[in-house]
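First up is the structure itself, then whatever we jot down about it.
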Amino acid sequence: MAGRRVTAAEVAERLREEKHVLVVSHESPDGDALGCLTAFSLMCERLGVPYVAYVPGDAPFPAEYQFLPRLHDVVRGTPPAVGPETTVYMLDCASLARGGCQLFGEGITLVTIDHHQDNPGNAELNLIDPKAASTTAILFGIFRAGHFAIDVQVGASLYVGLVTDTGRFQFSNTDPRAHRMAADLQELGVDVAAIAAQVYESVPPAKLRLLGRALEHMRFEHRGLIVTSWLREADFAETGADPSHSEGIIDTLRTARGATLAVLARESIKGDGLETKVSLRCTDGRVDVAALAALKGGGGHKQAAGFTTTGDVIEVLRWTEQQLQRAL
């Protein structure tokens with residue numbers, strides 16, 4: 001059941017009066033998710049609002065984002081207890097399940113702040129803007145609406161979400177608002193060159209070796225319109241990589257000349273079986289990859305989405321290719 005839609009000003013007013021906050025983002029967080037998490041946490045500190053930050057799962061955060069403040073304080077695994085005066089803020093997460101909301105108990109107040117087009121708005125309060133370049137862009141609007149002071153630390157976290165979700169301002173979601181936000185943050189003192197060096201020019205050797213494996217496995221299908229690759233558990237073990245090192249590989253695949261669709265399937269052992277995570281990209285918008293991901297319980301954006309399913313990585317990849325070929 002959908003909840004109530006709220007404005008940036010309403011969220012800012014509520015945040016200022018909070019007694020306690022649990023700030024949450026999705027499992028396997030990317031730059032936007034971690035940028036949101038740290039920017040929101042820092043702003044709670046500035047406002048004097050007690051908070052706890054939580055991300056489901058226990059896999060390490062991607063190395064390129066480890067410079068962000070407060071990440072070492074984020075609770076992983078079992079979520080913290082939520083008291084009656086705690087408001088849960090779900091950031092950059094279209095699915096309540098991906099943020100572990102089913103584990104928080106009944107009667108909690110949940111606020112969703114997100115830019116995914118497939119977010120149904122099932123929280124009690126929802127601020128969802130699919131036209132926003134990133135969820136940190138929505139946070140930027142909240143902070144501005146509340147006249148909250150955005151210092152360099154907060155601004156840097158906001159910028160990380162913006163620059164990564166726009167693909168360094170190259171993706172189609174890069175609109176004038178995104179450029180104006182970047183300019184505003186730079187004027188506040190955010191060192192965009194230093195952030196670029198941390199995010200894009202400090203790649204761990206294990207991640208480069210894993211990328212090499214993905215490129216070795218790369219295949220072109222359907223007259224070269226679809227580029228695919230896969231990674232098994234052995235690829236991670238033999239390269240010394242962990243799951244976080246697969247972040248961004250799909251965006252390398254999508255740059256292949258002539259390809260409009262990119263697929264990366266990654267295998268992992270889950271209990272007694274196999275689990276496969278699939279990342280999808282569409283460079284020209286001709287296929288809604290979020291709709292395809294939804295067939296397997298996933299989601300995302302029209303041009304960038306993903307899902308997790310059971311089964312062998314090659315079988316899942318073959319099924320995905322078939323769905324994409326039908327959609328072309």
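Chain lettering (A, B, ...) mirrors the order of the structure tokens, residue numbering begins at 1 for each chain separately, and ligand numbering begins at 1 in order of display.
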request  = Name the residues in contact with segment 267-279 of chain A at a cut-off of 6 Å, using only C-alpha atoms, excluding same-chain residues fewer than 6 positions from it; report them as a ChimeraX atom specification.
outcome  = /A:232-233,306-311,313
Pull N, CA and C atoms from the residues just selected and write them as a JSON list (two decimals), in the first residue's frame.
[["chain", "number", "residue", "atom", "x", "y", "z"],
["A", 232, "ARG", "N", 32.80, -16.34, -12.10],
["A", 232, "ARG", "CA", 32.50, -17.40, -11.14],
["A", 232, "ARG", "C", 33.25, -17.15, -9.84],
["A", 233, "GLU", "N", 32.88, -17.92, -8.83],
["A", 233, "GLU", "CA", 33.57, -17.84, -7.54],
["A", 233, "GLU", "C", 35.07, -18.04, -7.71],
["A", 306, "GLY", "N", 19.27, -4.29, -12.21],
["A", 306, "GLY", "CA", 19.90, -5.55, -11.83],
["A", 306, "GLY", "C", 18.95, -6.44, -11.06],
["A", 307, "PHE", "N", 19.33, -7.69, -10.91],
["A", 307, "PHE", "CA", 18.54, -8.63, -10.12],
["A", 307, "PHE", "C", 19.45, -9.71, -9.58],
["A", 308, "THR", "N", 18.95, -10.42, -8.58],
["A", 308, "THR", "CA", 19.64, -11.56, -7.99],
["A", 308, "THR", "C", 18.72, -12.76, -8.06],
["A", 309, "THR", "N", 19.27, -13.91, -8.46],
["A", 309, "THR", "CA", 18.47, -15.11, -8.59],
["A", 309, "THR", "C", 19.31, -16.32, -8.25],
["A", 310, "THR", "N", 18.69, -17.47, -8.16],
["A", 310, "THR", "CA", 19.41, -18.71, -7.93],
["A", 310, "THR", "C", 19.78, -19.34, -9.27],
["A", 311, "GLY", "N", 20.72, -20.26, -9.24],
["A", 311, "GLY", "CA", 21.07, -20.97, -10.46],
["A", 311, "GLY", "C", 22.46, -20.70, -10.95],
["A", 313, "VAL", "N", 25.55, -19.52, -13.17],
["A", 313, "VAL", "CA", 25.77, -18.22, -13.79],
["A", 313, "VAL", "C", 25.56, -18.26, -15.30]]
Set out as a tab-separated table a contact list for segment 56-86 of chain A and segment 246-255 of chain A with a cut-off of 10 Å, giving each residue of segment 56-86 of chain A that qualifies its closest atom pair and distance in Å to one decimal, counting only C-alpha atoms, ordered by chain and rising residue number.
residue	atom	partner	partner_atom	distance
A:Phe61	CA	A:Glu247	CA	9.7
A:Pro62	CA	A:Glu247	CA	7.0
A:Ala63	CA	A:Glu247	CA	9.6
A:Glu64	CA	A:Glu247	CA	9.6
Residue neighbourhood His179 of chain A, 12 Å, only C-alpha atoms, exclusion window fewer than 2 positions, as number ranges by chain = A: 132-133, 137, 159, 162-163, 166, 168-170, 173-177, 181-186
Next, dump the selected residues to file, keeping only C-alpha atoms, as an mmCIF file, in the first residue's frame.
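Written file, part_17.cif:
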data_model
loop_
_atom_site.group_PDB
_atom_site.id
_atom_site.type_symbol
_atom_site.label_atom_id
_atom_site.label_comp_id
_atom_site.auth_asym_id
_atom_site.auth_seq_id
_atom_site.Cartn_x
_atom_site.Cartn_y
_atom_site.Cartn_z
ATOM 1 C CA ALA A 132 16.873 13.465 -10.128
ATOM 2 C CA ALA A 133 20.359 12.537 -11.331
ATOM 3 C CA ALA A 137 20.770 15.282 -5.518
ATOM 4 C CA TYR A 159 29.216 14.898 -4.897
ATOM 5 C CA LEU A 162 26.246 12.644 -8.141
ATOM 6 C CA VAL A 163 29.446 11.955 -10.076
ATOM 7 C CA THR A 166 25.881 10.222 -13.770
ATOM 8 C CA ARG A 168 31.195 11.298 -14.530
ATOM 9 C CA PHE A 169 28.459 13.463 -16.099
ATOM 10 C CA GLN A 170 28.284 11.307 -19.219
ATOM 11 C CA ASN A 173 20.489 11.532 -16.549
ATOM 12 C CA THR A 174 23.028 14.381 -16.523
ATOM 13 C CA ASP A 175 20.745 17.392 -16.755
ATOM 14 C CA PRO A 176 21.328 21.113 -16.034
ATOM 15 C CA ARG A 177 20.352 20.547 -12.392
ATOM 16 C CA MET A 181 24.635 21.116 -8.129
ATOM 17 C CA ALA A 182 28.223 20.164 -8.986
ATOM 18 C CA ALA A 183 29.121 23.837 -9.430
ATOM 19 C CA ASP A 184 27.468 24.765 -6.117
ATOM 20 C CA LEU A 185 29.374 22.042 -4.277
ATOM 21 C CA GLN A 186 32.649 23.062 -5.857
#
request  = List the neighbours of Ala206 of chain A out to 8 Å using only C-alpha atoms; skip same-chain residues closer than 5 positions along the sequence, and give me the result as a PyMOL selection string.
outcome  = chain A and resi 239-241+245
Write the residues you've just listed into a file as a tab-separated table (two decimals), in the first residue's frame, and include C-alpha atoms for each of them.
chain	number	residue	atom	x	y	z
A	239	THR	CA	42.52	-12.97	-8.49
A	240	GLY	CA	42.33	-12.22	-4.76
A	241	ALA	CA	39.22	-10.13	-5.32
A	245	HIS	CA	35.68	-5.41	-6.64
Show me a table, sorted first by chain and then by increasing residue number, of the residues of segment 161-216 of chain A having an atom at most 7 Å from segment 19-39 of chain A, each with its shortest atom pair and the distance in Å to one decimal, counting only C-alpha atoms and written as CSV.
residue,atom,partner,partner_atom,distance
A:Gly161,CA,A:Asp32,CA,3.6
A:Leu162,CA,A:Asp32,CA,6.7
A:Thr164,CA,A:Gly31,CA,5.8
A:Asp165,CA,A:Asp32,CA,6.2
key: Spatial neighbours of Gln153 of chain A, max dist 8 Å, only C-alpha atoms, sep filter under 6 positions, as a PyMOL selection string   = chain A and resi 39+42+69+190
key: Those of segment 35-123 of chain A in DSSP alpha helix (DSSP H), formatted as an NGL selection string   = :A and (35-47)
inquiry  = Here is a test: counting only C-alpha atoms, which residue of A:Leu264, A:Leu68, A:Ala149, A:Leu127 is nearest to Glu45 of chain A?
reply    =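 Nearest to Glu45 of chain A: A:Ala149.
In terms of minimum interatomic distance to Gly83 of chain A, A:Thr109 ranks closest within A:Ser157, A:Ser202, A:Thr109, A:Val227, counting only C-alpha atoms.
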Tell me, as an mmCIF file with N, CA and C atoms, in the first residue's frame, which residues lie within 12 Å of Gly258 of chain A, counting only C-alpha atoms; anything in the same chain fewer than 5 positions away does not count.
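The file below, result-v1.cif, is the result:
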data_model
loop_
_atom_site.group_PDB
_atom_site.id
_atom_site.type_symbol
_atom_site.label_atom_id
_atom_site.label_comp_id
_atom_site.auth_asym_id
_atom_site.auth_seq_id
_atom_site.Cartn_x
_atom_site.Cartn_y
_atom_site.Cartn_z
ATOM 1 N N PHE A 220 30.039 -11.174 -27.639
ATOM 2 C CA PHE A 220 29.086 -10.306 -28.319
ATOM 3 C C PHE A 220 27.997 -11.166 -28.952
ATOM 4 N N GLU A 221 26.745 -10.761 -28.730
ATOM 5 C CA GLU A 221 25.599 -11.513 -29.217
ATOM 6 C C GLU A 221 24.691 -10.597 -30.037
ATOM 7 N N HIS A 222 23.807 -11.234 -30.795
ATOM 8 C CA HIS A 222 22.757 -10.531 -31.537
ATOM 9 C C HIS A 222 23.346 -9.400 -32.396
ATOM 10 N N ARG A 223 24.180 -9.795 -33.318
ATOM 11 C CA ARG A 223 24.824 -8.872 -34.262
ATOM 12 C C ARG A 223 25.673 -7.814 -33.547
ATOM 13 N N GLY A 224 26.197 -8.164 -32.398
ATOM 14 C CA GLY A 224 27.064 -7.253 -31.663
ATOM 15 C C GLY A 224 26.341 -6.225 -30.827
ATOM 16 N N LEU A 225 25.001 -6.295 -30.770
ATOM 17 C CA LEU A 225 24.242 -5.313 -29.990
ATOM 18 C C LEU A 225 24.279 -5.602 -28.495
ATOM 19 N N ILE A 226 24.559 -6.856 -28.130
ATOM 20 C CA ILE A 226 24.592 -7.240 -26.720
ATOM 21 C C ILE A 226 25.994 -7.720 -26.358
ATOM 22 N N VAL A 227 26.592 -7.125 -25.344
ATOM 23 C CA VAL A 227 27.878 -7.587 -24.834
ATOM 24 C C VAL A 227 27.641 -8.205 -23.467
ATOM 25 N N LEU A 253 32.049 -2.698 -19.657
ATOM 26 C CA LEU A 253 31.453 -3.479 -20.739
ATOM 27 C C LEU A 253 30.561 -2.619 -21.631
ATOM 28 N N CYS A 282 21.636 -0.352 -20.594
ATOM 29 C CA CYS A 282 21.185 -0.065 -21.956
ATOM 30 C C CYS A 282 21.624 1.348 -22.292
ATOM 31 N N THR A 283 22.433 1.501 -23.325
ATOM 32 C CA THR A 283 23.041 2.807 -23.602
ATOM 33 C C THR A 283 22.116 3.769 -24.327
ATOM 34 N N ASP A 284 21.106 3.259 -25.047
ATOM 35 C CA ASP A 284 20.272 4.155 -25.852
ATOM 36 C C ASP A 284 18.804 4.162 -25.455
#
remark   = From the list A:Arg326, A:His301, A:Arg4, A:Arg318, the nearest residue to Cys93 of chain A using only C-alpha atoms is A:His301
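Closest approach to Leu15 of chain A from the set A:Ile142, A:Ser95, A:Ala265, A:Glu124 is made by A:Ile142, with distances taken over only C-alpha atoms.
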query = If you run DSSP on this backbone, which residues of segment 220-272 of chain A come out as strand (DSSP E or B), and could you give them as a PyMOL selection string?
reply = chain A and resi 220-221+226-231+261-270
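Across A:Ile314, A:Val199, A:Met43, A:Ala12, the tightest approach to His217 of chain A is made by A:Ile314 when counting only C-alpha atoms.
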request  = Would you list the contacts of Glu13 of chain A as a list in words, taking every protein, DNA or RNA residue within 7 Å and counting only C-alpha atoms, but skipping same-chain residues closer than 4 positions in sequence?
outcome  = Ala9, Glu17 and Gly146 of chain A
Using C-alpha atoms, can you write the selected residues to a file as a PDB file, in the first residue's frame?
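Once written, part_31.pdb looks like this:
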ATOM      1  CA  ALA A   9      10.805  21.088   2.844  1.00  0.00           C
ATOM      2  CA  GLU A  17      12.858  17.612  15.077  1.00  0.00           C
ATOM      3  CA  GLY A 146      15.855  23.302   5.395  1.00  0.00           C
TER       4      GLY A 146
END
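In this model, the gap between atom CA of Leu317 of chain A and atom CA of Pro120 of chain A comes to 27.5 Å.
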Between atom CA of Gly297 of chain A and atom CA of Met218 of chain A, distance in Å (one decimal) =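 Going from atom CA of Gly297 of chain A over to atom CA of Met218 of chain A, I get 25.5 Å.
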